[in-house]
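Q: For reference, this is run.txt, and it has compact mmCIF, C-alpha atoms.
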# COMPACT_ATOMS: atom_id res chain seq x y z
CA GLU A 1060 5.08 -57.43 11.73
CA THR A 1061 8.31 -57.73 13.70
CA GLY A 1062 6.97 -59.41 16.81
CA VAL A 1063 7.28 -56.22 18.84
CA THR A 1064 3.98 -54.43 19.44
CA GLN A 1065 3.68 -50.91 20.74
CA THR A 1066 0.57 -49.13 21.97
CA PRO A 1067 -0.72 -46.57 21.55
CA ARG A 1068 0.58 -45.68 18.09
CA HIS A 1069 -0.31 -42.03 18.62
CA LEU A 1070 -0.66 -40.09 21.86
CA VAL A 1071 -1.36 -36.43 22.54
CA MET A 1072 -0.96 -35.33 26.13
CA GLY A 1073 -0.86 -32.14 28.11
CA MET A 1074 2.13 -31.16 30.18
CA THR A 1075 0.33 -32.04 33.41
CA ASN A 1076 -0.96 -35.41 32.27
CA LYS A 1077 0.27 -38.87 33.23
CA LYS A 1078 0.28 -41.47 30.50
CA SER A 1079 2.09 -44.69 29.68
CA LEU A 1080 3.49 -46.30 26.57
CA LYS A 1081 3.32 -50.07 26.36
CA CYS A 1082 5.53 -52.52 24.52
CA GLU A 1083 5.13 -56.27 24.19
CA GLN A 1084 7.43 -58.69 22.42
CA HIS A 1085 6.49 -62.15 21.22
CA LEU A 1086 9.97 -63.27 20.24
CA GLY A 1087 11.17 -64.91 23.43
CA HIS A 1088 13.85 -62.27 23.91
CA ASN A 1089 15.35 -61.35 27.26
CA ALA A 1090 16.46 -57.78 26.54
CA MET A 1091 14.24 -54.78 25.85
CA TYR A 1092 14.97 -51.17 24.99
CA TRP A 1093 13.44 -47.72 24.69
CA TYR A 1094 14.75 -45.37 22.03
CA LYS A 1095 13.71 -41.78 21.31
CA GLN A 1096 13.69 -40.42 17.76
CA SER A 1097 13.34 -36.67 17.36
CA ALA A 1098 13.35 -34.73 14.13
CA LYS A 1099 16.82 -34.17 12.72
CA LYS A 1100 18.55 -36.06 15.54
CA PRO A 1101 19.97 -39.59 15.68
CA LEU A 1102 18.07 -42.23 17.57
CA GLU A 1103 18.84 -41.88 21.24
CA LEU A 1104 19.05 -44.92 23.47
CA MET A 1105 17.08 -44.23 26.64
CA PHE A 1106 16.91 -47.45 28.65
CA VAL A 1107 18.08 -51.05 28.42
CA TYR A 1108 16.64 -53.95 30.38
CA ASN A 1109 18.36 -57.33 30.49
CA PHE A 1110 16.48 -60.15 32.20
CA LYS A 1111 14.07 -57.54 33.64
CA GLU A 1112 16.88 -55.58 35.26
CA GLN A 1113 17.70 -52.07 34.09
CA THR A 1114 21.29 -52.06 32.85
CA GLU A 1115 21.37 -48.74 31.04
CA ASN A 1116 19.88 -45.33 31.80
CA ASN A 1117 21.26 -42.89 29.32
CA SER A 1118 20.87 -39.78 31.50
CA VAL A 1119 17.14 -39.70 30.89
CA PRO A 1120 15.13 -37.12 32.88
CA SER A 1121 13.08 -38.55 35.73
CA ARG A 1122 9.83 -37.49 34.04
CA PHE A 1123 10.37 -40.67 32.00
CA SER A 1124 10.00 -43.75 34.18
CA PRO A 1125 10.46 -47.22 32.69
CA GLU A 1126 9.01 -50.42 34.06
CA CYS A 1127 9.78 -53.98 33.03
CA PRO A 1128 7.50 -56.41 34.89
CA ASN A 1129 8.69 -59.41 32.87
CA SER A 1130 10.85 -60.21 29.87
CA SER A 1131 7.97 -59.73 27.45
CA HIS A 1132 6.62 -56.37 28.56
CA LEU A 1133 8.11 -52.92 28.86
CA PHE A 1134 6.38 -49.70 29.83
CA LEU A 1135 7.41 -46.07 29.69
CA HIS A 1136 5.51 -43.96 32.20
CA LEU A 1137 5.26 -40.30 31.28
CA HIS A 1138 4.65 -37.48 33.75
CA THR A 1139 4.86 -33.66 33.46
CA LEU A 1140 6.50 -33.79 30.05
CA GLN A 1141 7.68 -30.80 28.06
CA PRO A 1142 6.84 -29.93 24.43
CA GLU A 1143 10.42 -30.83 23.46
CA ASP A 1144 9.69 -34.39 24.54
CA SER A 1145 7.44 -34.76 21.50
CA ALA A 1146 9.00 -37.50 19.42
CA LEU A 1147 8.68 -41.05 18.13
CA TYR A 1148 9.37 -43.50 20.94
CA LEU A 1149 10.60 -46.85 19.74
CA CYS A 1150 10.65 -50.05 21.72
CA ALA A 1151 12.94 -52.89 20.72
CA SER A 1152 13.97 -56.33 21.91
CA SER A 1153 16.75 -58.83 21.39
CA GLN A 1154 18.55 -61.69 22.99
CA GLU A 1155 20.91 -60.41 25.67
CA GLY A 1156 24.57 -60.43 24.67
CA THR A 1157 26.79 -59.00 22.01
CA GLY A 1158 26.09 -59.25 18.31
CA ASN A 1159 22.40 -60.05 18.37
CA THR A 1160 19.89 -58.49 16.02
CA ILE A 1161 17.60 -55.95 17.64
CA TYR A 1162 13.96 -55.94 16.53
CA PHE A 1163 11.96 -52.74 16.68
CA GLY A 1164 8.29 -52.02 17.11
CA GLU A 1165 6.44 -49.50 14.94
CA GLY A 1166 6.82 -46.78 17.52
CA SER A 1167 4.53 -44.50 19.48
CA TRP A 1168 4.17 -40.95 18.22
CA LEU A 1169 3.99 -38.65 21.23
CA THR A 1170 2.90 -35.04 21.03
CA VAL A 1171 3.09 -32.92 24.19
CA VAL A 1172 0.91 -29.82 24.11
CA SER B 903 26.91 -40.17 22.15
CA GLN B 904 26.65 -40.54 18.41
CA GLN B 905 28.91 -43.21 16.98
CA GLY B 906 28.04 -43.88 13.39
CA GLU B 907 27.77 -41.01 10.95
CA GLU B 908 26.23 -41.63 7.56
CA ASP B 909 27.18 -39.99 4.31
CA PRO B 910 25.49 -38.62 2.28
CA GLN B 911 22.66 -37.18 4.35
CA ALA B 912 20.33 -37.51 1.38
CA LEU B 913 20.54 -39.37 -1.91
CA SER B 914 18.22 -39.23 -4.90
CA ILE B 915 18.58 -41.74 -7.74
CA GLN B 916 16.61 -43.24 -10.60
CA GLU B 917 15.05 -46.66 -10.39
CA GLY B 918 17.49 -49.29 -11.55
CA GLU B 919 20.57 -47.39 -10.41
CA ASN B 920 22.77 -48.48 -7.53
CA ALA B 921 22.75 -46.59 -4.22
CA THR B 922 25.78 -46.40 -1.98
CA MET B 923 25.70 -45.10 1.56
CA ASN B 924 28.68 -44.76 3.85
CA CYS B 925 29.06 -44.87 7.59
CA SER B 926 32.00 -43.81 9.73
CA TYR B 927 32.48 -44.46 13.42
CA LYS B 928 34.94 -43.51 16.10
CA THR B 929 35.69 -46.38 18.45
CA SER B 930 36.41 -50.09 18.28
CA ILE B 931 33.33 -52.14 17.59
CA ASN B 932 32.13 -55.71 17.95
CA ASN B 933 29.73 -55.43 15.02
CA LEU B 934 27.97 -52.93 12.79
CA GLN B 935 24.38 -53.16 11.69
CA TRP B 936 22.32 -51.46 8.99
CA TYR B 937 18.66 -50.63 9.45
CA ARG B 938 15.97 -49.23 7.23
CA GLN B 939 13.08 -47.00 8.29
CA ASN B 940 10.09 -46.10 6.19
CA SER B 941 8.63 -42.71 7.02
CA GLY B 942 7.14 -42.66 10.49
CA ARG B 943 7.55 -46.39 11.00
CA GLY B 944 9.79 -48.62 13.06
CA LEU B 945 13.26 -49.71 12.07
CA VAL B 946 13.80 -52.92 10.14
CA HIS B 947 17.08 -54.79 10.50
CA LEU B 948 18.84 -55.33 7.17
CA ILE B 949 22.22 -56.87 7.85
CA LEU B 950 24.84 -57.35 10.56
CA ILE B 951 28.57 -57.49 9.89
CA ARG B 952 31.03 -58.50 12.58
CA SER B 953 34.36 -56.83 13.16
CA ASN B 954 36.25 -59.82 11.75
CA GLU B 955 34.24 -59.78 8.52
CA ARG B 956 34.96 -57.58 5.51
CA GLU B 957 31.95 -58.10 3.28
CA LYS B 958 28.47 -59.57 3.48
CA HIS B 959 25.67 -59.97 0.99
CA SER B 960 21.94 -60.29 1.39
CA GLY B 961 19.85 -60.23 -1.76
CA ARG B 962 20.44 -56.85 -3.43
CA LEU B 963 22.38 -55.58 -0.41
CA ARG B 964 26.14 -55.60 -0.08
CA VAL B 965 27.85 -54.35 3.05
CA THR B 966 31.56 -53.79 3.50
CA LEU B 967 33.49 -53.07 6.67
CA ASP B 968 36.96 -51.55 6.93
CA THR B 969 37.97 -51.54 10.58
CA SER B 970 41.28 -49.83 9.82
CA LYS B 971 39.38 -46.84 8.44
CA LYS B 972 36.48 -47.28 10.86
CA SER B 973 34.01 -47.18 8.00
CA SER B 974 31.30 -49.25 6.39
CA SER B 975 29.30 -48.97 3.19
CA LEU B 976 25.89 -50.22 2.17
CA LEU B 977 25.28 -50.83 -1.52
CA ILE B 978 21.77 -51.41 -2.84
CA THR B 979 21.88 -52.70 -6.39
CA ALA B 980 19.16 -52.24 -9.02
CA SER B 981 17.19 -49.93 -6.76
CA ARG B 982 13.41 -49.86 -6.76
CA ALA B 983 10.94 -47.16 -5.79
CA ALA B 984 10.08 -49.31 -2.76
CA ASP B 985 13.65 -48.85 -1.49
CA THR B 986 12.81 -45.24 -0.70
CA ALA B 987 13.44 -44.91 3.03
CA SER B 988 15.95 -43.74 5.61
CA TYR B 989 18.94 -45.99 6.20
CA PHE B 990 20.86 -46.07 9.45
CA CYS B 991 24.07 -47.67 10.52
CA ALA B 992 24.45 -48.65 14.14
CA THR B 993 27.48 -49.88 16.01
CA VAL B 994 27.91 -52.17 18.96
CA GLU B 995 31.01 -51.73 21.10
CA TYR B 996 30.02 -54.30 23.70
CA GLY B 997 26.93 -56.02 25.03
CA ASN B 998 23.69 -55.03 23.38
CA LYS B 999 24.02 -51.26 23.40
CA LEU B 1000 23.35 -50.16 19.82
CA VAL B 1001 24.37 -46.60 18.90
CA PHE B 1002 22.87 -45.09 15.75
CA GLY B 1003 24.03 -42.50 13.26
CA ALA B 1004 21.86 -39.73 11.83
CA GLY B 1005 20.91 -41.73 8.74
CA THR B 1006 20.80 -41.30 4.98
CA ILE B 1007 17.50 -40.45 3.31
CA LEU B 1008 17.26 -42.38 0.05
CA ARG B 1009 14.75 -41.45 -2.60
CA VAL B 1010 14.37 -43.70 -5.62
CA LYS B 1011 12.48 -42.08 -8.46
CA SER B 1012 10.44 -44.23 -10.82
Would you kindly transcribe this structure into structure tokens?
A:
Amino acid sequence: ETGVTQTPRHLVMGMTNKKSLKCEQHLGHNAMYWYKQSAKKPLELMFVYNFKEQTENNSVPSRFSPECPNSSHLFLHLHTLQPEDSALYLCASSQEGTGNTIYFGEGSWLTVV
Amino acid sequence: SQQGEEDPQALSIQEGENATMNCSYKTSINNLQWYRQNSGRGLVHLILIRSNEREKHSGRLRVTLDTSKKSSSLLITASRAADTASYFCATVEYGNKLVFGAGTILRVKS
């Protein structure tokens, strides 16, 4: 238990569906992240939020839409995804600033059919 | 863009042996971190070494950093079957943007 909780753990969705991934951190952190982990590829940073403001969008397609309503919650809204978007999506949190440990959730396995 | 690159890609050893994994990176960094990931699970932070540090220890883990060669190594001593996992290095150039390498898959045989 790292203090970062992701739901759902597994999700299967069709290409025309709309779904959301949820992340909640109980560590009092003020920065949250979404990472994508595909088979045989390094973890890819998708989005960074510092103090609820998006500070990094790593050229992510618009079919992925993040939302950070407060420092403890982060969502990833999914719409009209492609099969190649199937991956493990990892949420993480940390204190904002350089040199702080980043804590990861267990991830949400997404399969797009 | 990928920053850290681990070597080897896969490593298989016997229980009790030491495991050494290496990481190389391209740009100046503020710190370098090592993470572990059990199959299909989230990443667990192991150790952080800052650019002005050369070596750190944590239990059976020893990390070195050579900024002149832009490389780091992770040594796990007296390995156990439970150490079987993927190990990733990640670098921080500035702020809190962590960039990961492709990882080393470690298998410890009992």
Q: Residues of chain B that approach chain A to 6 Å or less, counting all atoms listed in the file: could you list each one with the shortest pair of atoms and its distance in Å to one decimal, rows by chain and increasing residue number, as a Markdown table?
A:
| residue | atom | partner | partner_atom | distance |
| --- | --- | --- | --- | --- |
| B:Arg943 | CA | A:Glu1165 | CA | 5.1 |
| B:Gly944 | CA | A:Glu1165 | CA | 3.9 |
| B:Leu945 | CA | A:Phe1163 | CA | 5.7 |
| B:Tyr996 | CA | A:Thr1157 | CA | 5.9 |
| B:Gly997 | CA | A:Thr1157 | CA | 4.2 |
| B:Asn998 | CA | A:Thr1157 | CA | 5.2 |
| B:Phe1002 | CA | A:Leu1102 | CA | 5.9 |
| B:Gly1003 | CA | A:Pro1101 | CA | 5.6 |
| B:Ala1004 | CA | A:Pro1101 | CA | 4.3 |
Q: Could you tell me how far atom CA of B:Tyr989 lies from atom CA of A:Ser1145, in Å and to one decimal?
A: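 Taking atom CA of B:Tyr989 as the start and atom CA of A:Ser1145 as the end point, the length is 22.2 Å.
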Q: Neighbouring residues of stretch 927-933 of chain B were defined as those with any atom within 12 Å, considering all atoms listed in the file; residues of the same chain fewer than 4 positions away were excluded. Please report them as an MDAnalysis selection string.
A: (chainID A and resid 1156:1160) or (chainID B and resid 903:909 949:956 966:975 991:1004)
Q: Might you pull out every residue within 7 Å of A:Ser1131, with all atoms listed in the file counted and same-chain residues fewer than 2 positions away left off, and present them as an MDAnalysis selection string?
A: chainID A and resid 1083:1085 1129 1133
Q: In Å to one decimal, how far is atom CA of A:Arg1122 from atom CA of A:His1138?
A: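 It comes out at 5.2 Å.
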Q: What does the distance from atom CA of A:Thr1170 to atom CA of B:Gln939 come to in Å, to one decimal?
A: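 Result for atom CA of A:Thr1170 versus atom CA of B:Gln939: 20.2 Å, one decimal.
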Q: Between A:Val1171, A:Ala1098, A:Cys1082, A:Met1105, single out the one closest to A:Phe1134, counting all atoms listed in the file.
A: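 The answer is A:Cys1082, which sits nearest to A:Phe1134.
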Q: For a quick check of your reading of the model, name the residues lying within 9 Å of the coordinate (-0.7, -37.0, 36.1), counting all atoms listed in the file, and write them as a list in words.
A: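 Using all atoms listed in the file, the matching residues come out as Met1074, Thr1075, Asn1076, Lys1077, Lys1078, Leu1137, His1138 and Thr1139 of chain A.
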Q: Can you sort out stretch 1126-1160 of chain A so it carries N, CA and C atoms, written as a PDB file, in the coordinates of the input?
A:
ATOM      1  N   GLU A1126       9.380 -49.293  33.203  1.00  0.00           N
ATOM      2  CA  GLU A1126       9.010 -50.420  34.060  1.00  0.00           C
ATOM      3  C   GLU A1126       9.046 -51.678  33.221  1.00  0.00           C
ATOM      4  N   CYS A1127       9.677 -52.715  33.750  1.00  0.00           N
ATOM      5  CA  CYS A1127       9.780 -53.980  33.030  1.00  0.00           C
ATOM      6  C   CYS A1127       9.322 -55.106  33.953  1.00  0.00           C
ATOM      7  N   PRO A1128       8.025 -55.409  33.966  1.00  0.00           N
ATOM      8  CA  PRO A1128       7.500 -56.410  34.890  1.00  0.00           C
ATOM      9  C   PRO A1128       7.932 -57.840  34.555  1.00  0.00           C
ATOM     10  N   ASN A1129       8.205 -58.088  33.291  1.00  0.00           N
ATOM     11  CA  ASN A1129       8.690 -59.410  32.870  1.00  0.00           C
ATOM     12  C   ASN A1129       9.424 -59.244  31.546  1.00  0.00           C
ATOM     13  N   SER A1130      10.006 -60.315  31.064  1.00  0.00           N
ATOM     14  CA  SER A1130      10.850 -60.210  29.870  1.00  0.00           C
ATOM     15  C   SER A1130      10.077 -59.856  28.611  1.00  0.00           C
ATOM     16  N   SER A1131       8.752 -59.980  28.644  1.00  0.00           N
ATOM     17  CA  SER A1131       7.970 -59.730  27.450  1.00  0.00           C
ATOM     18  C   SER A1131       7.332 -58.350  27.394  1.00  0.00           C
ATOM     19  N   HIS A1132       7.319 -57.645  28.498  1.00  0.00           N
ATOM     20  CA  HIS A1132       6.620 -56.370  28.560  1.00  0.00           C
ATOM     21  C   HIS A1132       7.526 -55.257  29.071  1.00  0.00           C
ATOM     22  N   LEU A1133       7.341 -54.108  28.468  1.00  0.00           N
ATOM     23  CA  LEU A1133       8.110 -52.920  28.860  1.00  0.00           C
ATOM     24  C   LEU A1133       7.174 -51.722  28.769  1.00  0.00           C
ATOM     25  N   PHE A1134       7.209 -50.895  29.796  1.00  0.00           N
ATOM     26  CA  PHE A1134       6.380 -49.700  29.830  1.00  0.00           C
ATOM     27  C   PHE A1134       7.291 -48.471  29.940  1.00  0.00           C
ATOM     28  N   LEU A1135       6.758 -47.357  29.471  1.00  0.00           N
ATOM     29  CA  LEU A1135       7.410 -46.070  29.690  1.00  0.00           C
ATOM     30  C   LEU A1135       6.350 -45.136  30.247  1.00  0.00           C
ATOM     31  N   HIS A1136       6.466 -44.832  31.531  1.00  0.00           N
ATOM     32  CA  HIS A1136       5.510 -43.960  32.200  1.00  0.00           C
ATOM     33  C   HIS A1136       5.952 -42.516  32.013  1.00  0.00           C
ATOM     34  N   LEU A1137       4.980 -41.690  31.646  1.00  0.00           N
ATOM     35  CA  LEU A1137       5.260 -40.300  31.280  1.00  0.00           C
ATOM     36  C   LEU A1137       4.544 -39.354  32.255  1.00  0.00           C
ATOM     37  N   HIS A1138       5.256 -38.379  32.760  1.00  0.00           N
ATOM     38  CA  HIS A1138       4.650 -37.480  33.750  1.00  0.00           C
ATOM     39  C   HIS A1138       5.285 -36.100  33.641  1.00  0.00           C
ATOM     40  N   THR A1139       4.432 -35.072  33.569  1.00  0.00           N
ATOM     41  CA  THR A1139       4.860 -33.660  33.460  1.00  0.00           C
ATOM     42  C   THR A1139       5.914 -33.487  32.374  1.00  0.00           C
ATOM     43  N   LEU A1140       5.569 -33.922  31.161  1.00  0.00           N
ATOM     44  CA  LEU A1140       6.500 -33.790  30.050  1.00  0.00           C
ATOM     45  C   LEU A1140       6.512 -32.363  29.510  1.00  0.00           C
ATOM     46  N   GLN A1141       7.510 -32.102  28.682  1.00  0.00           N
ATOM     47  CA  GLN A1141       7.680 -30.800  28.060  1.00  0.00           C
ATOM     48  C   GLN A1141       7.411 -30.933  26.554  1.00  0.00           C
ATOM     49  N   PRO A1142       7.067 -29.846  25.891  1.00  0.00           N
ATOM     50  CA  PRO A1142       6.840 -29.930  24.430  1.00  0.00           C
ATOM     51  C   PRO A1142       8.032 -30.525  23.673  1.00  0.00           C
ATOM     52  N   GLU A1143       9.240 -30.284  24.159  1.00  0.00           N
ATOM     53  CA  GLU A1143      10.420 -30.830  23.460  1.00  0.00           C
ATOM     54  C   GLU A1143      10.553 -32.335  23.605  1.00  0.00           C
ATOM     55  N   ASP A1144       9.701 -32.921  24.429  1.00  0.00           N
ATOM     56  CA  ASP A1144       9.690 -34.390  24.540  1.00  0.00           C
ATOM     57  C   ASP A1144       8.861 -35.032  23.432  1.00  0.00           C
ATOM     58  N   SER A1145       8.194 -34.229  22.637  1.00  0.00           N
ATOM     59  CA  SER A1145       7.440 -34.760  21.500  1.00  0.00           C
ATOM     60  C   SER A1145       8.399 -35.450  20.556  1.00  0.00           C
ATOM     61  N   ALA A1146       8.082 -36.708  20.232  1.00  0.00           N
ATOM     62  CA  ALA A1146       9.000 -37.500  19.420  1.00  0.00           C
ATOM     63  C   ALA A1146       8.354 -38.850  19.123  1.00  0.00           C
ATOM     64  N   LEU A1147       9.062 -39.653  18.358  1.00  0.00           N
ATOM     65  CA  LEU A1147       8.680 -41.050  18.130  1.00  0.00           C
ATOM     66  C   LEU A1147       9.448 -41.891  19.142  1.00  0.00           C
ATOM     67  N   TYR A1148       8.731 -42.651  19.945  1.00  0.00           N
ATOM     68  CA  TYR A1148       9.370 -43.500  20.940  1.00  0.00           C
ATOM     69  C   TYR A1148       9.313 -44.940  20.451  1.00  0.00           C
ATOM     70  N   LEU A1149      10.486 -45.512  20.303  1.00  0.00           N
ATOM     71  CA  LEU A1149      10.600 -46.850  19.740  1.00  0.00           C
ATOM     72  C   LEU A1149      11.021 -47.849  20.805  1.00  0.00           C
ATOM     73  N   CYS A1150      10.300 -48.931  20.847  1.00  0.00           N
ATOM     74  CA  CYS A1150      10.650 -50.050  21.720  1.00  0.00           C
ATOM     75  C   CYS A1150      11.333 -51.108  20.857  1.00  0.00           C
ATOM     76  N   ALA A1151      12.237 -51.838  21.451  1.00  0.00           N
ATOM     77  CA  ALA A1151      12.940 -52.890  20.720  1.00  0.00           C
ATOM     78  C   ALA A1151      13.264 -54.037  21.663  1.00  0.00           C
ATOM     79  N   SER A1152      13.567 -55.188  21.087  1.00  0.00           N
ATOM     80  CA  SER A1152      13.970 -56.330  21.910  1.00  0.00           C
ATOM     81  C   SER A1152      15.023 -57.141  21.181  1.00  0.00           C
ATOM     82  N   SER A1153      15.739 -57.943  21.952  1.00  0.00           N
ATOM     83  CA  SER A1153      16.750 -58.830  21.390  1.00  0.00           C
ATOM     84  C   SER A1153      17.104 -59.878  22.429  1.00  0.00           C
ATOM     85  N   GLN A1154      17.930 -60.813  22.015  1.00  0.00           N
ATOM     86  CA  GLN A1154      18.550 -61.690  22.990  1.00  0.00           C
ATOM     87  C   GLN A1154      19.664 -60.890  23.669  1.00  0.00           C
ATOM     88  N   GLU A1155      19.851 -61.103  24.950  1.00  0.00           N
ATOM     89  CA  GLU A1155      20.910 -60.410  25.670  1.00  0.00           C
ATOM     90  C   GLU A1155      22.265 -60.905  25.157  1.00  0.00           C
ATOM     91  N   GLY A1156      23.241 -60.022  25.129  1.00  0.00           N
ATOM     92  CA  GLY A1156      24.570 -60.430  24.670  1.00  0.00           C
ATOM     93  C   GLY A1156      24.986 -59.629  23.460  1.00  0.00           C
ATOM     94  N   THR A1157      26.227 -59.794  23.095  1.00  0.00           N
ATOM     95  CA  THR A1157      26.790 -59.000  22.010  1.00  0.00           C
ATOM     96  C   THR A1157      26.510 -59.635  20.649  1.00  0.00           C
ATOM     97  N   GLY A1158      26.201 -58.775  19.683  1.00  0.00           N
ATOM     98  CA  GLY A1158      26.090 -59.250  18.310  1.00  0.00           C
ATOM     99  C   GLY A1158      24.758 -59.840  17.939  1.00  0.00           C
ATOM    100  N   ASN A1159      23.725 -59.533  18.706  1.00  0.00           N
ATOM    101  CA  ASN A1159      22.400 -60.050  18.370  1.00  0.00           C
ATOM    102  C   ASN A1159      21.564 -58.979  17.680  1.00  0.00           C
ATOM    103  N   THR A1160      20.760 -59.408  16.746  1.00  0.00           N
ATOM    104  CA  THR A1160      19.890 -58.490  16.020  1.00  0.00           C
ATOM    105  C   THR A1160      18.844 -57.907  16.961  1.00  0.00           C
TER     106      THR A1160
END
